[in-house]
Structures are given as structure tokens and as C-alpha cells.
file coords-v2.txt (compact mmCIF, C-alpha atoms)
# COMPACT_ATOMS: atom_id res chain seq x y z
CA MET A 1 0.00 0.00 0.00
CA SER A 2 2.61 2.57 1.06
CA ALA A 3 4.02 3.99 -2.13
CA ASN A 4 7.44 5.55 -1.69
CA LEU A 5 6.92 9.07 -2.92
CA SER A 6 10.11 10.54 -1.49
CA ASN A 7 12.73 12.12 -3.72
CA LYS A 8 15.07 9.20 -3.15
CA SER A 9 13.05 6.89 -5.34
CA LEU A 10 14.25 6.40 -8.87
CA ARG A 11 10.76 5.43 -9.99
CA THR A 12 8.57 8.08 -11.57
CA PRO A 13 5.49 9.28 -9.66
CA LEU A 14 3.28 7.60 -12.28
CA ALA A 15 4.99 4.25 -11.76
CA GLU A 16 4.45 4.59 -8.00
CA VAL A 17 0.70 5.05 -8.22
CA ARG A 18 -0.08 2.81 -11.17
CA GLY A 19 -2.34 -0.03 -10.09
CA LEU A 20 -3.13 1.47 -6.69
CA GLY A 21 -6.37 3.20 -7.69
CA SER A 22 -9.89 2.02 -7.17
CA ALA A 23 -10.25 0.96 -10.80
CA LYS A 24 -9.76 -2.72 -9.96
CA TYR A 25 -12.14 -3.52 -7.13
CA GLY A 26 -13.69 -0.16 -6.38
CA THR A 27 -17.17 -1.18 -7.47
CA GLU A 28 -17.02 -4.70 -6.01
CA HIS A 29 -18.77 -3.86 -2.73
CA TRP A 30 -21.39 -1.70 -4.45
CA TRP A 31 -22.13 -4.45 -6.99
CA HIS A 32 -22.45 -7.13 -4.30
CA GLN A 33 -24.97 -5.02 -2.37
CA ARG A 34 -27.09 -4.64 -5.54
CA LEU A 35 -26.75 -8.28 -6.52
CA SER A 36 -27.86 -9.44 -3.07
CA ALA A 37 -30.62 -6.80 -3.02
CA ILE A 38 -32.08 -8.16 -6.27
CA ALA A 39 -31.88 -11.74 -4.96
CA LEU A 40 -33.55 -10.71 -1.71
CA ILE A 41 -36.70 -9.42 -3.47
CA PRO A 42 -38.15 -12.89 -4.26
CA LEU A 43 -36.50 -14.47 -1.19
CA THR A 44 -38.11 -11.91 1.13
CA VAL A 45 -41.55 -12.45 -0.40
CA TRP A 46 -41.16 -16.22 0.08
CA PHE A 47 -39.87 -15.70 3.64
CA VAL A 48 -42.77 -13.44 4.67
CA PHE A 49 -45.33 -15.96 3.41
CA GLY A 50 -43.46 -18.78 5.15
CA VAL A 51 -43.33 -16.94 8.48
CA ILE A 52 -47.01 -15.98 8.32
CA ARG A 53 -47.99 -19.59 7.62
CA HIS A 54 -46.01 -20.81 10.64
CA LEU A 55 -46.96 -18.25 13.27
CA GLY A 56 -47.65 -20.20 16.43
CA ALA A 57 -46.94 -23.49 14.64
CA ASP A 58 -45.90 -26.45 16.75
CA HIS A 59 -42.54 -28.14 16.29
CA ALA A 60 -43.88 -30.93 14.07
CA ALA A 61 -45.53 -28.53 11.61
CA PHE A 62 -42.50 -26.27 11.49
CA THR A 63 -39.98 -29.04 10.87
CA ALA A 64 -42.30 -30.60 8.26
CA TRP A 65 -42.14 -27.29 6.39
CA LEU A 66 -38.33 -27.19 6.35
CA GLN A 67 -38.07 -30.88 5.48
CA SER A 68 -39.40 -30.11 2.03
CA PRO A 69 -36.32 -29.73 -0.21
CA PHE A 70 -37.66 -26.53 -1.81
CA SER A 71 -38.29 -24.86 1.55
CA ALA A 72 -34.87 -25.89 2.81
CA LEU A 73 -33.23 -24.52 -0.34
CA MET A 74 -35.11 -21.22 -0.09
CA MET A 75 -34.34 -20.85 3.63
CA VAL A 76 -30.63 -21.56 3.14
CA LEU A 77 -30.51 -19.01 0.29
CA THR A 78 -32.45 -16.49 2.38
CA ILE A 79 -30.02 -16.89 5.30
CA GLY A 80 -26.89 -16.73 3.13
CA VAL A 81 -27.94 -13.73 1.04
CA THR A 82 -29.48 -11.90 4.02
CA PHE A 83 -26.26 -12.10 6.05
CA HIS A 84 -24.13 -11.17 3.04
CA HIS A 85 -26.32 -8.10 2.48
CA ALA A 86 -26.56 -7.22 6.19
CA VAL A 87 -22.82 -7.48 6.86
CA GLY A 88 -22.03 -5.42 3.75
CA GLY A 89 -24.56 -2.77 4.77
CA LEU A 90 -23.37 -2.62 8.38
CA GLN A 91 -19.79 -2.24 7.14
CA VAL A 92 -20.76 0.91 5.23
CA VAL A 93 -22.63 2.30 8.25
CA ILE A 94 -19.58 1.69 10.47
CA GLU A 95 -17.24 3.27 7.90
CA ASP A 96 -19.47 6.34 7.74
CA TYR A 97 -19.85 6.97 11.47
CA VAL A 98 -16.84 5.45 13.26
CA HIS A 99 -13.83 7.63 12.57
CA ASN A 100 -11.30 6.15 14.99
CA GLU A 101 -9.29 3.74 12.84
CA TRP A 102 -8.91 1.01 15.48
CA ALA A 103 -12.53 1.20 16.64
CA LYS A 104 -13.67 1.04 13.03
CA LEU A 105 -11.49 -2.00 12.31
CA ALA A 106 -12.64 -3.74 15.49
CA ALA A 107 -16.32 -3.06 14.71
CA ILE A 108 -16.02 -4.33 11.13
CA ILE A 109 -14.20 -7.48 12.24
CA ALA A 110 -16.81 -8.10 14.96
CA VAL A 111 -19.72 -7.63 12.52
CA LYS A 112 -18.13 -9.90 9.90
CA PHE A 113 -17.32 -12.66 12.41
CA LEU A 114 -20.75 -12.48 14.06
CA GLY A 115 -22.50 -12.41 10.67
CA PHE A 116 -20.65 -15.50 9.43
CA ALA A 117 -21.23 -17.34 12.72
CA LEU A 118 -24.98 -16.60 12.75
CA ALA A 119 -25.33 -17.51 9.08
CA ALA A 120 -23.52 -20.81 9.67
CA ALA A 121 -25.68 -21.57 12.72
CA GLY A 122 -28.88 -20.85 10.79
CA ILE A 123 -27.85 -22.94 7.78
CA ILE A 124 -26.72 -25.88 9.94
CA ALA A 125 -30.06 -25.71 11.78
CA VAL A 126 -32.00 -25.84 8.49
CA LEU A 127 -29.88 -28.72 7.18
CA LYS A 128 -30.30 -30.66 10.43
CA ILE A 129 -34.08 -30.30 10.19
CA SER A 130 -34.05 -30.97 6.46
CA PHE A 131 -32.08 -34.21 6.79
CA GLY A 132 -34.55 -35.30 9.45
CA ALA A 133 -32.88 -34.96 12.82
CA MET B 134 -15.68 21.30 11.50
CA ALA B 135 -12.09 20.83 10.49
CA ASN B 136 -10.73 17.68 8.96
CA GLY B 137 -7.13 18.64 9.64
CA SER B 138 -6.14 18.62 6.00
CA GLY B 139 -6.78 22.31 5.46
CA ARG B 140 -8.88 21.49 2.42
CA PRO B 141 -12.50 22.70 2.22
CA LEU B 142 -15.23 20.33 3.34
CA SER B 143 -18.46 19.76 1.47
CA PRO B 144 -21.53 21.29 3.14
CA HIS B 145 -23.06 19.06 5.79
CA LEU B 146 -26.63 18.20 6.79
CA GLN B 147 -27.45 21.36 8.78
CA ILE B 148 -26.80 23.50 5.67
CA TYR B 149 -29.64 22.03 3.65
CA LYS B 150 -33.37 22.72 3.86
CA PHE B 151 -35.25 19.70 5.16
CA GLU B 152 -36.94 17.57 2.52
CA TRP B 153 -38.99 14.41 3.13
CA THR B 154 -36.75 12.47 0.77
CA MET B 155 -33.97 13.01 3.37
CA ALA B 156 -36.12 11.33 6.04
CA LEU B 157 -36.69 8.35 3.75
CA SER B 158 -32.98 8.12 3.09
CA ILE B 159 -31.96 7.89 6.76
CA THR B 160 -34.92 5.62 7.48
CA HIS B 161 -33.58 3.18 4.88
CA ARG B 162 -30.34 3.00 6.85
CA ILE B 163 -32.06 2.75 10.25
CA THR B 164 -34.38 -0.04 9.08
CA GLY B 165 -31.37 -1.83 7.59
CA VAL B 166 -29.53 -1.80 10.92
CA GLY B 167 -32.74 -2.82 12.72
CA LEU B 168 -33.26 -5.74 10.36
CA ALA B 169 -29.65 -6.84 10.89
CA VAL B 170 -30.41 -6.98 14.64
CA GLY B 171 -33.54 -8.99 13.78
CA THR B 172 -31.39 -11.75 12.28
CA LEU B 173 -30.61 -12.68 15.90
CA LEU B 174 -34.25 -13.70 16.42
CA LEU B 175 -34.33 -15.49 13.05
CA THR B 176 -31.26 -17.50 14.02
CA TRP B 177 -32.71 -18.29 17.44
CA TRP B 178 -35.98 -19.45 15.81
CA LEU B 179 -34.19 -21.81 13.40
CA VAL B 180 -31.64 -23.14 15.91
CA ALA B 181 -34.45 -23.72 18.44
CA ALA B 182 -36.41 -25.70 15.84
CA ALA B 183 -33.32 -27.82 15.16
CA ALA B 184 -32.72 -28.32 18.90
CA GLY B 185 -36.15 -29.85 19.54
CA PRO B 186 -39.78 -29.28 20.55
CA ASP B 187 -39.05 -27.72 23.97
CA ALA B 188 -36.57 -25.15 22.69
CA PHE B 189 -38.86 -24.34 19.76
CA ALA B 190 -41.86 -23.89 22.06
CA ARG B 191 -39.81 -21.38 24.12
CA ALA B 192 -38.91 -19.39 20.97
CA GLN B 193 -42.53 -19.45 19.74
CA LYS B 194 -43.71 -18.35 23.19
CA PHE B 195 -41.35 -15.37 23.12
CA ILE B 196 -42.49 -14.37 19.62
CA GLY B 197 -46.13 -14.61 20.77
CA SER B 198 -45.53 -12.54 23.91
CA GLY B 199 -46.30 -8.81 24.12
CA ILE B 200 -42.71 -7.71 23.57
CA GLY B 201 -42.27 -10.36 20.89
CA LEU B 202 -45.31 -9.16 18.94
CA LEU B 203 -44.18 -5.54 19.25
CA LEU B 204 -40.75 -6.47 17.88
CA MET B 205 -42.32 -8.54 15.10
CA PHE B 206 -44.58 -5.63 14.13
CA GLY B 207 -41.61 -3.28 13.97
CA TRP B 208 -39.57 -5.75 11.95
CA THR B 209 -42.49 -6.38 9.57
CA TRP B 210 -42.70 -2.68 8.76
CA ALA B 211 -38.89 -2.33 8.62
CA LEU B 212 -38.69 -5.27 6.21
CA PHE B 213 -41.38 -3.94 3.86
CA TYR B 214 -39.93 -0.43 4.03
CA HIS B 215 -36.39 -1.62 3.28
CA LEU B 216 -37.74 -3.86 0.49
CA ALA B 217 -39.82 -1.09 -1.13
CA ASN B 218 -37.18 1.61 -0.75
CA GLY B 219 -34.51 -0.87 -1.88
CA ILE B 220 -36.43 -1.31 -5.13
CA ARG B 221 -36.59 2.52 -5.37
CA HIS B 222 -32.80 2.55 -5.04
CA LEU B 223 -32.44 -0.11 -7.74
CA VAL B 224 -34.54 2.06 -10.08
CA TRP B 225 -32.11 4.93 -9.43
CA ASP B 226 -29.16 2.59 -9.96
CA ALA B 227 -30.63 1.73 -13.37
CA GLY B 228 -30.54 5.45 -14.16
CA TYR B 229 -34.23 6.32 -13.91
CA SER B 230 -36.43 8.63 -11.87
CA PHE B 231 -33.88 11.20 -10.70
CA GLU B 232 -36.14 14.23 -11.19
CA LEU B 233 -37.26 15.79 -7.91
CA LYS B 234 -40.94 15.26 -8.79
CA ASN B 235 -40.35 11.52 -9.36
CA ALA B 236 -38.15 11.19 -6.27
CA GLU B 237 -41.00 12.61 -4.19
CA LYS B 238 -43.57 10.42 -5.93
CA GLY B 239 -41.39 7.40 -5.16
CA ALA B 240 -41.22 8.51 -1.52
CA TYR B 241 -45.02 8.50 -1.27
CA ILE B 242 -45.25 5.08 -2.93
CA VAL B 243 -42.64 3.61 -0.57
CA ALA B 244 -44.29 5.10 2.55
CA GLY B 245 -47.74 3.93 1.45
CA ALA B 246 -46.62 0.48 0.29
CA SER B 247 -44.66 -0.24 3.47
CA LEU B 248 -47.62 0.70 5.69
CA GLY B 249 -50.18 -1.07 3.48
CA LEU B 250 -48.18 -4.30 3.23
CA THR B 251 -47.49 -4.29 6.98
CA ILE B 252 -51.19 -3.99 7.80
CA LEU B 253 -52.09 -6.61 5.17
CA ALA B 254 -49.47 -9.06 6.45
CA TRP B 255 -50.75 -8.66 10.02
CA ILE B 256 -54.39 -9.11 9.03
CA VAL B 257 -53.50 -12.32 7.19
CA GLY B 258 -51.10 -13.36 9.95
CA LEU B 259 -53.59 -12.92 12.77
CA ALA B 260 -56.29 -14.64 10.68
CA VAL B 261 -54.24 -17.81 10.16
CA TRP B 262 -52.73 -17.84 13.66
call {"tool": "encode", "arguments": {"input": "coords-v2.txt", "output": "C-alpha cells"}}
result
Amino acid sequence: MSANLSNKSLRTPLAEVRGLGSAKYGTEHWWHQRLSAIALIPLTVWFVFGVIRHLGADHAAFTAWLQSPFSALMMVLTIGVTFHHAVGGLQVVIEDYVHNEWAKLAAIIAVKFLGFALAAAGIIAVLKISFGA
Amino acid sequence: MANGSGRPLSPHLQIYKFEWTMALSITHRITGVGLAVGTLLLTWWLVAAAAGPDAFARAQKFIGSGIGLLLMFGWTWALFYHLANGIRHLVWDAGYSFELKNAEKGAYIVAGASLGLTILAWIVGLAVW
């Protein structure tokens, strides 16, 4: 990252900065938020209907729902895309409001770790139900 | 407010006249953070179902309690708001509807749709419960 811009360098200023700009991955985060947003439109509609149909459901009815392969697939996708979208969004919020570099880094790491852990827990739970535990 | 660099800063919030589109913008962010917090309940719900009938009954009991229903109502609205306003953002991303008149029309549609869908979902939800 740290380009040597002192006079001692024999490299030209252009050579020092070439390849360091945002042209390579600058839009990656933005694109992932849009991609996951588009995916979440149908997934959210499915999720809302699923939740409404299982309000107050007993354990047998709920697990029967997630034992259907389609429901399990949709729930795993919903969990994965939701956490991807949520962690990406929270990262931007943290970057906007937390200006202390260490606090910002700590908050982003905490959000990413927690997001991955919760997503994994949710997916494992769905798979356990789906494979009939 | 100085940024230490000596360079001029762009005008900040207090400079601008309040517009309702601003309120929708910050609400999108607030609902997003709120929904992220809601994933804790979603994870609990699913993990409890995987753990067994007793754990699942406890989670269902919490969701059906007064505080649980209040949280669920808030998350229902937040979800529909974020969904509707997210689609509004995708329209902008596609390069459409930037005129002030359309931005305000979109704001009304999002506010109305989020409230309407929330009420509809709860009518259906309470009917099937």
C-alpha cells in the first residue's frame, strides 16, 4: 500500500501510483450489495409468506415445512444472502460513522465474524431439520 | 468542522433545507440496521427448531408474547420499508427517476406500500394464527 513518494526513489510518480487506484475492485462492494438486493426481493416475499404460515406453529408442523427440499433450499438461500447483504450494509454504516481507525477496524471485524457465525448456525439448523434430525 | 487537512469540506446536513426524501434516506439506513439486529431472532428461531420441541416452544412463546409481537410488528414494517425503498434505489441505480418530482412520488409510494403491506401481512397473519 505505502508507495514511496520521497525524492530518493528512482521510480517516476506515475509508476508509484499505477495499479493502486480504485479501478480494480472499487465497485465490487457496491455491486455485491445490488446483486444481493435483487436476490432478496423474491427471497423476502417467500420468507414473509413462510413466516405468516407458521406463526404459532408447533414443532412438528414447522420441521415438516423445512423438510421439504424446496423450503430448505429457499431458507438456506435467504439466510446466506441476508447475512451477506446485512454485513455489507453494516460495514458501510460503520465506515461512515466510526472515525477512529482502530474502533472502526474492530467493529467491522466483529460484525463480519458475528455475521458469518450466525449464518452458519442458521444454515446448519435448516440442514439438520431438512435431513430429518 | 475541520478535517485537519486544510482542504475545504463539502456542506453538511445542517446547511440544507429539510426535505422528506432526506427522512426516507436515513430511514432506509435505520431499518437496515434494525433488520440486521432482527437476524438474531431469526437465528434463534431456526436453531431452536433444530434443537427440539421444547426449545422451539420457548422461541414461539417469546415471539407470541407482548414484547415479541411488538418487535415482530416493527420488523415487519422495517422489512417492507427496506424492500420497497430498496427497489426505489435499484430504479435509481438503473438510471431512472432522478427528477425531484419523481423522487417525491417514489417517496409516497414507498411510505404507502410499506404501511399497506405491513397492515395486510398482520391481518393475514392474525387470521391464520
call {"tool": "interface_residues", "arguments": {"input": "coords-v2.txt", "of": "chain B", "to": "chain A", "cutoff": "9 Å", "atoms": "only C-alpha atoms", "output": "ChimeraX atom specification"}}
result
/B:162,165-166,168-169,172-173,175-187,189-190,193-194,196-197,209,212,216,219-220,223,226,254-255,257-259,261-262
call {"tool": "atom_distance", "arguments": {"input": "coords-v2.txt", "atom1": "atom CA of B:Leu204", "atom2": "atom CA of B:Gly167"}}
result
10.2 Å
call {"tool": "axis_aligned_box", "arguments": {"input": "coords-v2.txt", "around": "stretch 215-224 of chain B", "padding_each_side": "6 Å", "output": "lines of an AutoDock Vina configuration file"}}
result
center_x = -36.1
center_y = -0.7
center_z = -3.4
size_x = 19.4
size_y = 18.4
size_z = 25.4
call {"tool": "residues_around", "arguments": {"input": "coords-v2.txt", "residues": "B:Met155", "least_positions_apart": "6", "cutoff": "12 Å", "atoms": "only C-alpha atoms", "output": "list of chain:residue names"}}
result
B:Leu146, B:Gln147, B:Tyr149, B:His161, B:Arg162, B:Ala236, B:Glu237, B:Ala240
call {"tool": "atom_distance", "arguments": {"input": "coords-v2.txt", "atom1": "atom CA of B:Phe213", "atom2": "atom CA of B:Ser247"}}
result
5.0 Å
call {"tool": "atom_distance", "arguments": {"input": "coords-v2.txt", "atom1": "atom CA of B:Gly249", "atom2": "atom CA of B:Ser198"}}
result
23.9 Å
call {"tool": "closest_residue", "arguments": {"input": "coords-v2.txt", "among": "A:Trp46, A:Gly88, A:Gln67, A:Phe113", "to": "A:Trp30", "atoms": "all atoms listed in the file"}}
result
A:Gly88
call {"tool": "closest_residue", "arguments": {"input": "coords-v2.txt", "among": "B:Glu232, B:Gly199, B:Tyr241, B:Met205", "to": "B:Leu157", "atoms": "all atoms listed in the file"}}
result
B:Tyr241
call {"tool": "residues_near_point", "arguments": {"input": "coords-v2.txt", "point": "(-39.7, 4.9, 0.4)", "cutoff": "7 Å", "atoms": "all atoms listed in the file", "output": "PDB file with C-alpha atoms, in the frame of the given file"}}
result
ATOM      1  CA  LEU B 157     -36.690   8.350   3.750  1.00  0.00           C
ATOM      2  CA  TYR B 214     -39.930  -0.430   4.030  1.00  0.00           C
ATOM      3  CA  ALA B 217     -39.820  -1.090  -1.130  1.00  0.00           C
ATOM      4  CA  ASN B 218     -37.180   1.610  -0.750  1.00  0.00           C
ATOM      5  CA  ARG B 221     -36.590   2.520  -5.370  1.00  0.00           C
ATOM      6  CA  GLY B 239     -41.390   7.400  -5.160  1.00  0.00           C
ATOM      7  CA  ALA B 240     -41.220   8.510  -1.520  1.00  0.00           C
ATOM      8  CA  TYR B 241     -45.020   8.500  -1.270  1.00  0.00           C
ATOM      9  CA  ILE B 242     -45.250   5.080  -2.930  1.00  0.00           C
ATOM     10  CA  VAL B 243     -42.640   3.610  -0.570  1.00  0.00           C
ATOM     11  CA  ALA B 244     -44.290   5.100   2.550  1.00  0.00           C
TER      12      ALA B 244
END
call {"tool": "decode", "arguments": {"input": "coords-v2.txt", "residues": "stretch 156-174 of chain B", "atoms": "N, CA and C atoms", "output": "mmCIF file, in the first residue's frame"}}
result
data_model
loop_
_atom_site.group_PDB
_atom_site.id
_atom_site.type_symbol
_atom_site.label_atom_id
_atom_site.label_comp_id
_atom_site.auth_asym_id
_atom_site.auth_seq_id
_atom_site.Cartn_x
_atom_site.Cartn_y
_atom_site.Cartn_z
ATOM 1 N N ALA B 156 -35.633 12.200 4.960
ATOM 2 C CA ALA B 156 -36.120 11.334 6.036
ATOM 3 C C ALA B 156 -36.193 9.889 5.544
ATOM 4 N N LEU B 157 -36.625 9.712 4.288
ATOM 5 C CA LEU B 157 -36.694 8.353 3.748
ATOM 6 C C LEU B 157 -35.301 7.743 3.632
ATOM 7 N N SER B 158 -34.345 8.598 3.265
ATOM 8 C CA SER B 158 -32.975 8.117 3.088
ATOM 9 C C SER B 158 -32.396 7.572 4.400
ATOM 10 N N ILE B 159 -32.518 8.346 5.482
ATOM 11 C CA ILE B 159 -31.957 7.892 6.757
ATOM 12 C C ILE B 159 -32.782 6.732 7.317
ATOM 13 N N THR B 160 -34.090 6.729 7.013
ATOM 14 C CA THR B 160 -34.925 5.619 7.479
ATOM 15 C C THR B 160 -34.509 4.301 6.823
ATOM 16 N N HIS B 161 -34.059 4.387 5.566
ATOM 17 C CA HIS B 161 -33.579 3.175 4.884
ATOM 18 C C HIS B 161 -32.414 2.568 5.665
ATOM 19 N N ARG B 162 -31.518 3.449 6.108
ATOM 20 C CA ARG B 162 -30.344 3.001 6.849
ATOM 21 C C ARG B 162 -30.740 2.465 8.229
ATOM 22 N N ILE B 163 -31.637 3.179 8.911
ATOM 23 C CA ILE B 163 -32.056 2.749 10.254
ATOM 24 C C ILE B 163 -32.777 1.396 10.189
ATOM 25 N N THR B 164 -33.680 1.240 9.203
ATOM 26 C CA THR B 164 -34.376 -0.043 9.084
ATOM 27 C C THR B 164 -33.395 -1.157 8.732
ATOM 28 N N GLY B 165 -32.372 -0.826 7.940
ATOM 29 C CA GLY B 165 -31.368 -1.827 7.589
ATOM 30 C C GLY B 165 -30.642 -2.340 8.818
ATOM 31 N N VAL B 166 -30.219 -1.408 9.681
ATOM 32 C CA VAL B 166 -29.535 -1.803 10.920
ATOM 33 C C VAL B 166 -30.492 -2.588 11.819
ATOM 34 N N GLY B 167 -31.741 -2.131 11.901
ATOM 35 C CA GLY B 167 -32.741 -2.818 12.719
ATOM 36 C C GLY B 167 -32.984 -4.243 12.240
ATOM 37 N N LEU B 168 -33.049 -4.410 10.921
ATOM 38 C CA LEU B 168 -33.260 -5.744 10.362
ATOM 39 C C LEU B 168 -32.053 -6.646 10.617
ATOM 40 N N ALA B 169 -30.853 -6.056 10.585
ATOM 41 C CA ALA B 169 -29.650 -6.835 10.893
ATOM 42 C C ALA B 169 -29.726 -7.364 12.322
ATOM 43 N N VAL B 170 -30.223 -6.530 13.244
ATOM 44 C CA VAL B 170 -30.407 -6.977 14.636
ATOM 45 C C VAL B 170 -31.454 -8.103 14.679
ATOM 46 N N GLY B 171 -32.477 -7.981 13.831
ATOM 47 C CA GLY B 171 -33.535 -8.989 13.777
ATOM 48 C C GLY B 171 -33.061 -10.365 13.347
ATOM 49 N N THR B 172 -31.912 -10.439 12.673
ATOM 50 C CA THR B 172 -31.390 -11.750 12.280
ATOM 51 C C THR B 172 -31.042 -12.600 13.511
ATOM 52 N N LEU B 173 -30.851 -11.931 14.664
ATOM 53 C CA LEU B 173 -30.608 -12.684 15.903
ATOM 54 C C LEU B 173 -31.823 -13.538 16.248
ATOM 55 N N LEU B 174 -33.023 -12.944 16.116
ATOM 56 C CA LEU B 174 -34.246 -13.697 16.416
ATOM 57 C C LEU B 174 -34.457 -14.802 15.381
#
